[in-house]
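Report on one structure; see the data block that follows.
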Amino acid sequence: MTAEAWPKATSVPPAPQDGEGAYQLCAFFVGPAEYVIDIMRIDEILRPQRVSPVPNAPAWVEGVMNLRGAMVPVVDLRKRLAIAGAAPPRMKPKWLVTLVGRRKVALVVDGVSGVVRVTRAEIAPVPPFVTQGVNPAVIAACGPADRIKLLLNIKVLLREAA
Amino acid sequence: MPRFEELLEDFFYRPEEDVGALFDAGGIIEAPAAAAVEESPEEYLAFRLADETYAVRIGVVREIVKVPPLTEVPRSSAELLGVINLRGEVLPVYDLKLRLRLSTVPAPIAGPDANLAALPKSARILIVHDPEGDAGVLVDAVLEVVKLRPSTLEAPPRAVSGGDRSPITGIGRRREQLFILLDLAQALP
């Protein structure tokens, strides 16, 4: 799964990306749980890189990296989501360079598990009492019972209050 | 369930999505992802040839010399005006107007009927780099060095570029002024 093989972000409104009405989502592990984000958000996937810590940044910000001249913040999703517990074996840590608007943020994950296709009907909301606050980072869930994947709201994650 | 739909809007990516104050000053800032690569203009030497303005990449021009009396080379083609002795180096000088079929008579600057006075006072010889050996080309006047952005260059009209070895590589434009871009390696024999 190389970065080059991923579709580049284009000005596509949130609409199914193929003819069968399915969305393509990028699935990854942080700790024991599997998460998905819109594949259109993925700019590239990197192996862990050198990161420069930034003083006084939130604890979940590992620092910044220099991605071919652009300063990209690096966010540790494990810390941000307060996740304990190990990822499944044979997962390799990766950095997802994720588009937020026209900016990039690198998300540190325990491993990328692949691309999943889900239709809108397969996405079910998660009750608010499961997640916390008015702006939950986990919006919804999808997938079969033995492999539920949680839809992450990256924009909410990046907001200051943890 | 409007609230859930709103959240899904946030989930799916749109380049123009609202990111609030996430990346404003005070937070962590990075250059826009789609930062346009700074396009550096390229320099061309503009010169006049039969009332039109032509331009060649500045890199191909070695030097510009005034027109000295040339030594005619017997039995050479009409396009070869003669040879010039440039500080001991003998270089051929071509008539670009003849090459480009802008004229049918070679410029009278070599041989028995040489008449340098018939040339415009501004006439110069451009000494240019050529893969097959440096050469001189006679032009009516050297105008200036123009900076043209590669993105503003236009392909030559198809009617202009006859054949696949056309010496005309494009048209440069600076406001109203047009520059015919020449590839001298193609224009010279």
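By order of appearance in the structure tokens: chains A, B, ..., then residues from 1 within every chain, and ligands from 1 in the order shown.
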Find the residues around Pro89 of chain A up to 10 Å (only C-alpha atoms counted), leave out those fewer than 5 positions away in its own chain, and share them as a ChimeraX atom specification. /A:32,110-111
Long-range neighbours of segment 118-128 of chain B as a PyMOL selection string, 7 Å cut-off, only C-alpha atoms, 4 positions minimum in chain: chain B and resi 60-67+134-142
Next, dump the selected residues to file, keeping only N, CA and C atoms, as a short mmCIF file (atom, residue, chain, number, x, y, z; two decimals), in the first residue's frame.
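Below is the file that was written, out-v3.cif:
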data_model
loop_
_atom_site.label_atom_id
_atom_site.label_comp_id
_atom_site.auth_asym_id
_atom_site.auth_seq_id
_atom_site.Cartn_x
_atom_site.Cartn_y
_atom_site.Cartn_z
N VAL B 60 21.78 30.52 -24.54
CA VAL B 60 22.45 30.07 -25.77
C VAL B 60 23.35 31.16 -26.34
N VAL B 61 23.17 32.38 -25.84
CA VAL B 61 23.94 33.49 -26.41
C VAL B 61 25.27 33.61 -25.67
N ARG B 62 26.35 33.51 -26.43
CA ARG B 62 27.66 33.61 -25.82
C ARG B 62 28.10 35.06 -25.76
N GLU B 63 27.99 35.73 -26.85
CA GLU B 63 28.30 37.15 -26.86
C GLU B 63 27.66 37.82 -28.06
N ILE B 64 27.72 39.16 -28.04
CA ILE B 64 27.13 39.96 -29.11
C ILE B 64 28.25 40.83 -29.64
N VAL B 65 28.46 40.77 -30.96
CA VAL B 65 29.56 41.55 -31.53
C VAL B 65 29.03 42.43 -32.66
N LYS B 66 29.74 43.53 -32.87
CA LYS B 66 29.42 44.37 -34.03
C LYS B 66 29.84 43.62 -35.29
N VAL B 67 29.27 44.04 -36.40
CA VAL B 67 29.50 43.29 -37.63
C VAL B 67 30.84 43.71 -38.24
N ASP B 134 29.99 26.47 -31.95
CA ASP B 134 29.41 27.80 -31.83
C ASP B 134 29.35 28.46 -33.20
N ALA B 135 28.40 29.36 -33.35
CA ALA B 135 28.21 30.00 -34.64
C ALA B 135 27.69 31.41 -34.41
N GLY B 136 27.77 32.22 -35.46
CA GLY B 136 27.23 33.56 -35.38
C GLY B 136 25.97 33.66 -36.22
N VAL B 137 25.04 34.49 -35.78
CA VAL B 137 23.87 34.78 -36.61
C VAL B 137 23.73 36.30 -36.69
N LEU B 138 23.39 36.75 -37.88
CA LEU B 138 23.24 38.18 -38.11
C LEU B 138 21.81 38.59 -37.78
N VAL B 139 21.68 39.62 -36.97
CA VAL B 139 20.34 40.13 -36.64
C VAL B 139 20.33 41.63 -36.92
N ASP B 140 19.13 42.17 -37.09
CA ASP B 140 19.02 43.60 -37.43
C ASP B 140 19.29 44.50 -36.23
N ALA B 141 18.90 44.03 -35.05
CA ALA B 141 19.14 44.84 -33.85
C ALA B 141 18.95 43.96 -32.63
N VAL B 142 19.74 44.22 -31.61
CA VAL B 142 19.52 43.54 -30.32
C VAL B 142 18.70 44.48 -29.47
#
Which residues in segment 16-82 of chain A does DSSP call helix (DSSP H, G or I)? List them as a PyMOL selection string. chain A and resi 39-41+77-80
Using only C-alpha atoms, determine which residues lie at most 8 Å from segment 3-6 of chain B, disregarding the query and same-chain residues fewer than 2 positions distant; provide the list as a PyMOL selection string. (chain A and resi 125+139) or (chain B and resi 1+8-10)
Excluding same-chain residues fewer than 4 positions from Pro53 of chain A, what lies within 7 Å of it counting only C-alpha atoms, as a list in words? Glu62, Gly63 and Val64 of chain A
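The shortest atom-to-atom distance to chain A, with only C-alpha atoms taken into account, belongs to B:Pro15 out of B:Pro15, B:Pro92, B:Pro106, B:Pro112.
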Nearest to chain B: which of A:Ile42, A:Phe29, A:Arg103, A:Arg147 is it, counting only C-alpha atoms? A:Arg103
I'd like the contact shell of segment 79-86 of chain A - 10 Å cut-off, only C-alpha atoms, skipping same-chain residues fewer than 2 positions apart - returned as a VMD selection string. chain A and resid 29 to 33 58 to 62 75 to 77 88 to 89 108 110 137 to 138 157 to 158 162
Expected answer as number ranges by chain: strand (DSSP E or B) residues in segment 57-184 of chain B: B: 57, 61-66, 70-71, 80-86, 89-95, 110, 124-128, 135-139, 141-148, 154, 168-174, 177-182
